[in-house]
Amino acid sequence: MTTHEALHKYFGYREFRHEQEAIVDHVLNQKDAMVLMPTGGGKSICYQLPAVIFDGLTVVISPLIALMKDQVDALNINGINAAFLNSSQSDNEQREIIKQLKANQIKLLYLAPERLFSSESRLIDFLKTLKVSLIAIDEAHCISHWGHDFRPEYLMLAGLKIAFPNIPVIALTATADKITRKDILDKLNLNQPREFVSSFDRKNINYRIAPKKNSFTQLIAFLKEHQDDSGIIYCLSRQSTEDLATALQAQGYSAQAYHAGLEKKIKDQNQERFLRDEIKIIVATIAFGMGINKSNVRFVVHMDLPKNIEGYYQETGRAGRDGLPSKALLFYSYADVQKLQSFARVEGNEAQSKIMLKKLDDMVRFCQLQTCRRQYLLKYFDEDAPANCGSCDVCLSDYERIDGTIIAQKLFSAITRLNESFGITYLVDFLRGSKNEKIREAHKQLKTYGIGADLSKAEWQQYIRELIAQGFIRTEGDPYPVLKLTPQSAEVLKGQKKVQLIKSQTVHEEQVAEVV
Ligand code: ADP
Ligand code: ZN
């Protein structure tokens, strides 16, 4: 049977999606892999299909006990014998599964990482007595401090390659930037792993940021465009989800709250009714949505600023799984930034806080962009994208665009002349030929000194921010960042690439407000 036939026979799908086929082949060749695919992309098939084809057992590590049952039920319905072992089961249930494992009757076993190495069960020793064919590590970013969801128990997974040196390992995640990805590979000790990175572009989602002024009124205006649509509205606190749900009900909307503090019965009921379209709007904390697979969510609104891009991307990604046009709207305010900064400081230790603050900073930059938001999101996941997507608020706005090639060339030459050792303020003064005594005498002799005198300070600052956002230059160093060139800027200097900039203006906030 070919993998294609097996895909149809066991899972009922006619075609592979994204890179599923290449990944399955790679794993079947018993090689290690790292899979980066957006939520809903179809990661499960990448290890479930090899699992049914391999002779022995596939061990699946997953952090969320609550989701294991759903996965196992779904496999059992397809006639694949899968099971999980966790603390929610009785001793008898666990013994039964152990018996079946010994008889080689189970194809996939789901486990939480702590279970594998905990001293009383030492499940790892038992697994070594079985024929294990494959190990899959779901939500692999949990192993990295750099990720947004670090779980210390994941660090123990480093022991897997020691216990099973010759068994292929496939690590999967929906959210990992470059450093997190490298960290995952290092920590898991994968053996010459191949990385499979799928596109993160959700073309049917329109991204929009609005300054938060009177967010309830703004929200109601937005909802008028979405009278009968399903949507999720995220709030930072449990209390605000309840307050907002009540306020929306008073306006005649079918809305219910969802957060981790609600009784399980109420939560299940609200979720269930939302899935069946009996409730149109769920007002939730980020506790809502993990493992939810509702295809016709037409909008996702963030009433408050998310803590990082990964979370934002994942939450907005719950819109438009059916491929139809959908909206992501976020209300942005500086007060939220300050609030989250103070949370980040108390929540973690110093190193952890620093990472959280950096991630928050990336989130803030996203909100303040004057360049394509999609391009920024994709760049965050190391993916190249055109400068204009045509479906985010920036690209749809009537900001006037100019050919910024010469502006960019002037800036890049100045950065080069100053040996990539100066920050924005100094460069702007230098470009404008400032007589300021802070500018070194030797620099005043350079040919590039004063070549940007035609632009104001504010204009230069905006263009520099845009050029950073577009990836031509980057900042390095803390707390005194200096500007550095990237390979992209070399092409501009050589005249091989043109640069588009949004014509400088100072009234952006008000213009964005009118969109809502
Ligand atoms: P992820 O784990 O990446 O979030 P899942 O593995 O849960 O994604 O798959 C998301 C959805 O896509 C599921 O409903 C699944 O049934 C469906 N799916 C996955 N692969 C295919 C495929 N090849 N053809 C059609 N549907 C698929
Ligand atoms: Zn865009």
# chains A, B, ... in the order shown; residues from 1 in each chain; ligands from 1
>>> residues_near_ligand(ligand="ligand 1", cutoff="7 Å", atoms="only C-alpha atoms and all ligand atoms", output="list in words")
Tyr13, Arg14, Glu15, Phe16, Arg17, Met37, Pro38, Thr39, Gly40, Gly41, Gly42, Lys43, Ser44, Ile45, Ala174 and Asn293 of chain A
>>> select_by_dssp(residues="segment 68-155 of chain A", states="helix (DSSP H, G or I)", output="compact mmCIF listing (two decimals) with C-alpha atoms, in the first residue's frame")
# COMPACT_ATOMS: atom_id res chain seq x y z
CA MET A 68 -5.33 13.59 24.43
CA LYS A 69 -8.74 12.07 24.82
CA ASP A 70 -10.11 13.86 21.75
CA GLN A 71 -7.19 12.76 19.62
CA VAL A 72 -7.40 9.18 20.79
CA ASP A 73 -11.17 9.06 20.26
CA ALA A 74 -10.75 10.40 16.73
CA LEU A 75 -8.18 7.71 15.93
CA ASN A 76 -10.31 4.96 17.41
CA ILE A 77 -13.23 6.07 15.26
CA ASP A 91 -5.45 1.81 37.99
CA ASN A 92 -7.54 -0.78 36.23
CA GLU A 93 -7.76 1.26 33.04
CA GLN A 94 -4.02 1.80 33.11
CA ARG A 95 -3.29 -1.89 33.67
CA GLU A 96 -5.48 -2.79 30.70
CA ILE A 97 -3.52 -0.43 28.46
CA ILE A 98 -0.20 -1.80 29.69
CA LYS A 99 -1.46 -5.28 28.84
CA GLN A 100 -2.39 -4.23 25.33
CA LEU A 101 0.97 -2.52 24.88
CA LYS A 102 2.77 -5.70 25.84
CA PRO A 113 6.25 14.38 29.26
CA GLU A 114 6.37 14.23 33.05
CA ARG A 115 4.82 10.78 32.94
CA LEU A 116 7.69 9.38 30.91
CA PHE A 117 10.41 10.08 33.44
CA LEU A 123 7.45 4.48 32.03
CA ILE A 124 10.51 5.02 29.87
CA ASP A 125 12.02 1.77 31.18
CA PHE A 126 8.85 -0.10 30.33
CA LEU A 127 8.73 1.43 26.86
CA LYS A 128 12.28 0.21 26.26
CA ALA A 140 7.78 21.05 20.70
CA HIS A 141 8.32 24.77 21.36
CA CYS A 142 7.42 24.04 25.00
CA ILE A 143 11.02 22.84 25.42
CA PRO A 152 10.08 22.77 32.36
CA GLU A 153 8.91 19.15 32.16
CA TYR A 154 9.66 19.24 28.43
CA LEU A 155 13.37 19.55 29.20
>>> closest_residue(among="A:Val394, A:Ala453, A:Leu275, A:Ile502", to="ligand 2", atoms="only C-alpha atoms and all ligand atoms")
A:Val394
>>> residues_near_ligand(ligand="ligand 2", cutoff="7 Å", atoms="only C-alpha atoms and all ligand atoms", output="compact mmCIF listing (two decimals) with C-alpha atoms, in the first residue's frame")
# COMPACT_ATOMS: atom_id res chain seq x y z
CA CYS A 372 2.29 45.67 5.64
CA ARG A 373 1.22 43.77 8.75
CA ARG A 374 1.16 40.44 6.97
CA GLN A 375 4.72 40.92 5.82
CA ASN A 388 2.06 44.96 -0.06
CA CYS A 389 -0.47 42.20 0.70
CA GLY A 390 -3.51 44.18 -0.33
CA SER A 391 -5.52 42.90 2.62
CA CYS A 392 -4.30 44.45 5.85
CA ASP A 393 -5.32 47.88 7.09
CA VAL A 394 -2.00 49.43 6.10
CA CYS A 395 -2.07 48.08 2.56
>>> atom_distance(atom1="atom CA of Phe381 of chain A", atom2="atom CA of Thr175 of chain A")
8.0 Å
>>> closest_residue(among="A:Leu396, A:Leu108, A:Val297, A:Val283", to="Asp322 of chain A", atoms="only C-alpha atoms")
A:Val297
>>> closest_residue(among="A:Leu248, A:Ser333, A:Glu476, A:Gln48", to="Val60 of chain A", atoms="only C-alpha atoms")
A:Gln48
>>> select_by_dssp(residues="segment 83-237 of chain A", states="strand (DSSP E)", output="PyMOL selection string")
chain A and resi 83-85+108-111+132-137+169-173+194-197+205-211+230-234
>>> closest_atom_pairs(of="segment 255-274 of chain A", to="segment 219-231 of chain A", cutoff="12 Å", atoms="only C-alpha atoms", output="CSV")
residue,atom,partner,partner_atom,distance
A:Ala255,CA,A:Gly231,CA,9.4
A:Gln256,CA,A:Gly231,CA,11.1
A:Arg273,CA,A:Ser230,CA,11.4
A:Phe274,CA,A:Ser230,CA,8.1
>>> write_last_selection(atoms="C-alpha atoms", output="compact mmCIF listing (two decimals), in the first residue's frame")
# COMPACT_ATOMS: atom_id res chain seq x y z
CA ALA A 255 -22.71 36.13 23.27
CA GLN A 256 -21.35 34.04 26.15
CA ARG A 273 -23.17 25.63 21.69
CA PHE A 274 -20.65 27.85 19.94
>>> residues_around(residues="segment 351-359 of chain A", least_positions_apart="5", cutoff="8 Å", atoms="only C-alpha atoms", output="CSV table (one decimal) with N, CA and C atoms, in the first residue's frame")
chain,number,residue,atom,x,y,z
A,145,HIS,N,13.0,28.0,26.3
A,145,HIS,CA,12.8,29.3,27.0
A,145,HIS,C,12.4,30.4,26.1
A,146,TRP,N,12.9,30.3,24.8
A,146,TRP,CA,12.6,31.3,23.9
A,146,TRP,C,11.2,31.3,23.4
A,148,HIS,N,7.0,30.8,23.6
A,148,HIS,CA,6.0,31.6,24.5
A,148,HIS,C,5.3,30.7,25.5
A,307,LYS,N,0.1,39.3,24.4
A,307,LYS,CA,1.5,39.4,25.0
A,307,LYS,C,2.6,39.2,24.0
A,308,ASN,N,2.3,38.5,22.9
A,308,ASN,CA,3.4,38.3,21.9
A,308,ASN,C,2.7,37.9,20.6
A,309,ILE,N,3.6,37.9,19.6
A,309,ILE,CA,3.1,37.6,18.2
A,309,ILE,C,2.6,36.2,18.1
A,341,GLN,N,3.8,45.1,30.4
A,341,GLN,CA,5.2,45.3,30.8
A,341,GLN,C,5.4,44.9,32.3
A,344,ALA,N,5.0,41.3,32.8
A,344,ALA,CA,6.2,40.5,32.4
A,344,ALA,C,7.3,40.6,33.5
A,345,ARG,N,7.3,41.7,34.1
A,345,ARG,CA,8.4,41.9,35.1
A,345,ARG,C,8.2,41.0,36.3
A,346,VAL,N,6.9,40.9,36.8
A,346,VAL,CA,6.7,40.1,38.0
A,346,VAL,C,6.5,38.6,37.7
>>> residues_around(residues="Gln462 of chain A", least_positions_apart="3", cutoff="9 Å", atoms="only C-alpha atoms", output="MDAnalysis selection string")
chainID A and resid 370 457:459 465:467 504:505
>>> write_last_selection(atoms="C-alpha atoms", output="CSV table (one decimal), in the first residue's frame")
chain,number,residue,atom,x,y,z
A,370,GLN,CA,3.2,51.7,8.8
A,457,LYS,CA,14.0,64.7,11.5
A,458,ALA,CA,10.5,63.2,11.9
A,459,GLU,CA,10.6,62.1,8.2
A,465,ARG,CA,11.4,52.6,11.2
A,466,GLU,CA,9.8,51.5,8.0
A,467,LEU,CA,13.1,50.3,6.6
A,504,SER,CA,5.6,60.5,5.8
A,505,GLN,CA,2.7,62.1,7.6
>>> residues_around(residues="Leu418 of chain A", least_positions_apart="6", cutoff="12 Å", atoms="only C-alpha atoms", output="number ranges by chain")
A: 411-412, 424, 426-427, 430-431, 439-440, 442-449, 482-485
>>> write_last_selection(atoms="N, CA and C atoms", output="compact mmCIF listing (two decimals), in the first residue's frame")
# COMPACT_ATOMS: atom_id res chain seq x y z
N LEU A 411 20.62 56.47 3.38
CA LEU A 411 20.73 55.94 4.74
C LEU A 411 21.74 54.79 4.81
N PHE A 412 21.65 53.86 3.86
CA PHE A 412 22.53 52.70 3.92
C PHE A 412 24.00 53.12 3.74
N ILE A 424 19.92 55.49 15.82
CA ILE A 424 19.06 56.27 14.93
C ILE A 424 19.30 57.78 15.08
N TYR A 426 21.81 59.58 16.13
CA TYR A 426 23.08 60.06 15.58
C TYR A 426 23.03 60.05 14.05
N LEU A 427 22.49 58.96 13.48
CA LEU A 427 22.43 58.87 12.02
C LEU A 427 21.58 59.98 11.41
N PHE A 430 23.48 63.14 11.55
CA PHE A 430 24.57 63.04 10.58
C PHE A 430 24.05 63.27 9.15
N LEU A 431 22.95 62.57 8.82
CA LEU A 431 22.38 62.70 7.47
C LEU A 431 21.93 64.12 7.20
N ILE A 439 28.18 65.42 16.91
CA ILE A 439 28.70 64.78 15.69
C ILE A 439 30.22 64.98 15.68
N ARG A 440 30.90 63.84 15.56
CA ARG A 440 32.37 63.91 15.61
C ARG A 440 32.92 64.71 14.43
N ALA A 442 35.56 64.22 12.65
CA ALA A 442 35.98 63.37 11.53
C ALA A 442 34.78 63.00 10.66
N HIS A 443 33.65 62.80 11.31
CA HIS A 443 32.45 62.43 10.54
C HIS A 443 31.96 63.59 9.68
N LYS A 444 32.21 64.80 10.15
CA LYS A 444 31.76 65.97 9.38
C LYS A 444 32.54 66.10 8.07
N GLN A 445 33.66 65.39 7.97
CA GLN A 445 34.46 65.44 6.73
C GLN A 445 33.98 64.42 5.70
N LEU A 446 33.12 63.50 6.12
CA LEU A 446 32.71 62.43 5.20
C LEU A 446 31.76 62.96 4.13
N LYS A 447 31.78 62.30 2.94
CA LYS A 447 30.97 62.77 1.82
C LYS A 447 29.48 62.62 2.10
N THR A 448 29.14 61.63 2.92
CA THR A 448 27.72 61.38 3.20
C THR A 448 27.14 62.34 4.24
N TYR A 449 28.01 63.06 4.92
CA TYR A 449 27.54 64.01 5.95
C TYR A 449 26.64 65.05 5.31
N VAL A 482 22.34 49.98 17.84
CA VAL A 482 22.94 50.62 16.67
C VAL A 482 22.31 50.01 15.42
N LEU A 483 22.37 50.73 14.31
CA LEU A 483 21.76 50.24 13.07
C LEU A 483 22.77 49.42 12.27
N LYS A 484 22.29 48.27 11.80
CA LYS A 484 23.13 47.41 10.97
C LYS A 484 22.41 47.14 9.65
N LEU A 485 23.19 46.85 8.62
CA LEU A 485 22.59 46.50 7.33
C LEU A 485 22.25 45.01 7.30
>>> atom_distance(atom1="atom CA of Ser326 of chain A", atom2="atom CA of Val197 of chain A")
24.1 Å
>>> residues_around(residues="segment 156-158 of chain A", least_positions_apart="4", cutoff="7 Å", atoms="only C-alpha atoms", output="number ranges by chain")
A: 113, 187-189
>>> residues_around(residues="Cys235 of chain A", least_positions_apart="2", cutoff="9 Å", atoms="only C-alpha atoms", output="mmCIF file with N, CA and C atoms, in the first residue's frame")
data_model
loop_
_atom_site.group_PDB
_atom_site.id
_atom_site.type_symbol
_atom_site.label_atom_id
_atom_site.label_comp_id
_atom_site.auth_asym_id
_atom_site.auth_seq_id
_atom_site.Cartn_x
_atom_site.Cartn_y
_atom_site.Cartn_z
ATOM 1 N N ILE A 233 -14.111 36.911 20.693
ATOM 2 C CA ILE A 233 -13.577 38.181 21.188
ATOM 3 C C ILE A 233 -12.699 37.872 22.394
ATOM 4 N N SER A 237 -8.705 39.803 30.938
ATOM 5 C CA SER A 237 -9.079 39.275 32.261
ATOM 6 C C SER A 237 -10.408 38.520 32.207
ATOM 7 N N ARG A 238 -10.546 37.614 33.182
ATOM 8 C CA ARG A 238 -11.770 36.826 33.263
ATOM 9 C C ARG A 238 -12.977 37.726 33.474
ATOM 10 N N GLN A 239 -12.793 38.693 34.400
ATOM 11 C CA GLN A 239 -13.898 39.586 34.712
ATOM 12 C C GLN A 239 -14.374 40.326 33.459
ATOM 13 N N SER A 240 -13.415 40.815 32.659
ATOM 14 C CA SER A 240 -13.848 41.594 31.503
ATOM 15 C C SER A 240 -14.561 40.727 30.460
ATOM 16 N N THR A 241 -14.258 39.429 30.398
ATOM 17 C CA THR A 241 -15.019 38.587 29.459
ATOM 18 C C THR A 241 -16.482 38.541 29.895
ATOM 19 N N LEU A 244 -18.168 42.004 29.332
ATOM 20 C CA LEU A 244 -18.423 42.298 27.927
ATOM 21 C C LEU A 244 -19.544 41.407 27.377
ATOM 22 N N VAL A 283 -16.916 35.336 24.172
ATOM 23 C CA VAL A 283 -16.029 36.362 24.720
ATOM 24 C C VAL A 283 -15.120 35.634 25.713
ATOM 25 N N ALA A 284 -13.835 35.571 25.407
ATOM 26 C CA ALA A 284 -13.003 34.621 26.124
ATOM 27 C C ALA A 284 -11.647 35.178 26.521
ATOM 28 N N THR A 285 -11.050 34.531 27.494
ATOM 29 C CA THR A 285 -9.620 34.736 27.730
ATOM 30 C C THR A 285 -8.899 33.770 26.793
ATOM 31 N N ILE A 286 -7.574 33.824 26.786
ATOM 32 C CA ILE A 286 -6.858 32.954 25.848
ATOM 33 C C ILE A 286 -6.981 31.479 26.215
ATOM 34 N N VAL A 301 -11.573 39.214 17.512
ATOM 35 C CA VAL A 301 -11.273 40.560 17.986
ATOM 36 C C VAL A 301 -10.424 40.457 19.249
ATOM 37 N N HIS A 302 -9.395 41.268 19.342
ATOM 38 C CA HIS A 302 -8.642 41.390 20.595
ATOM 39 C C HIS A 302 -8.995 42.731 21.228
ATOM 40 N N MET A 303 -9.687 42.697 22.345
ATOM 41 C CA MET A 303 -10.025 43.943 23.036
ATOM 42 C C MET A 303 -8.781 44.514 23.711
ATOM 43 N N ASP A 304 -7.857 43.621 24.070
ATOM 44 C CA ASP A 304 -6.624 44.032 24.758
ATOM 45 C C ASP A 304 -5.425 43.505 23.988
ATOM 46 N N LEU A 305 -4.293 44.108 24.239
ATOM 47 C CA LEU A 305 -3.080 43.738 23.515
ATOM 48 C C LEU A 305 -2.621 42.323 23.901
ATOM 49 N N PRO A 306 -2.374 41.433 22.931
ATOM 50 C CA PRO A 306 -1.794 40.128 23.267
ATOM 51 C C PRO A 306 -0.347 40.291 23.738
#
>>> closest_residue(among="A:His4, A:Lys503, A:Lys213, A:Lys9", to="Asp25 of chain A", atoms="only C-alpha atoms")
A:His4
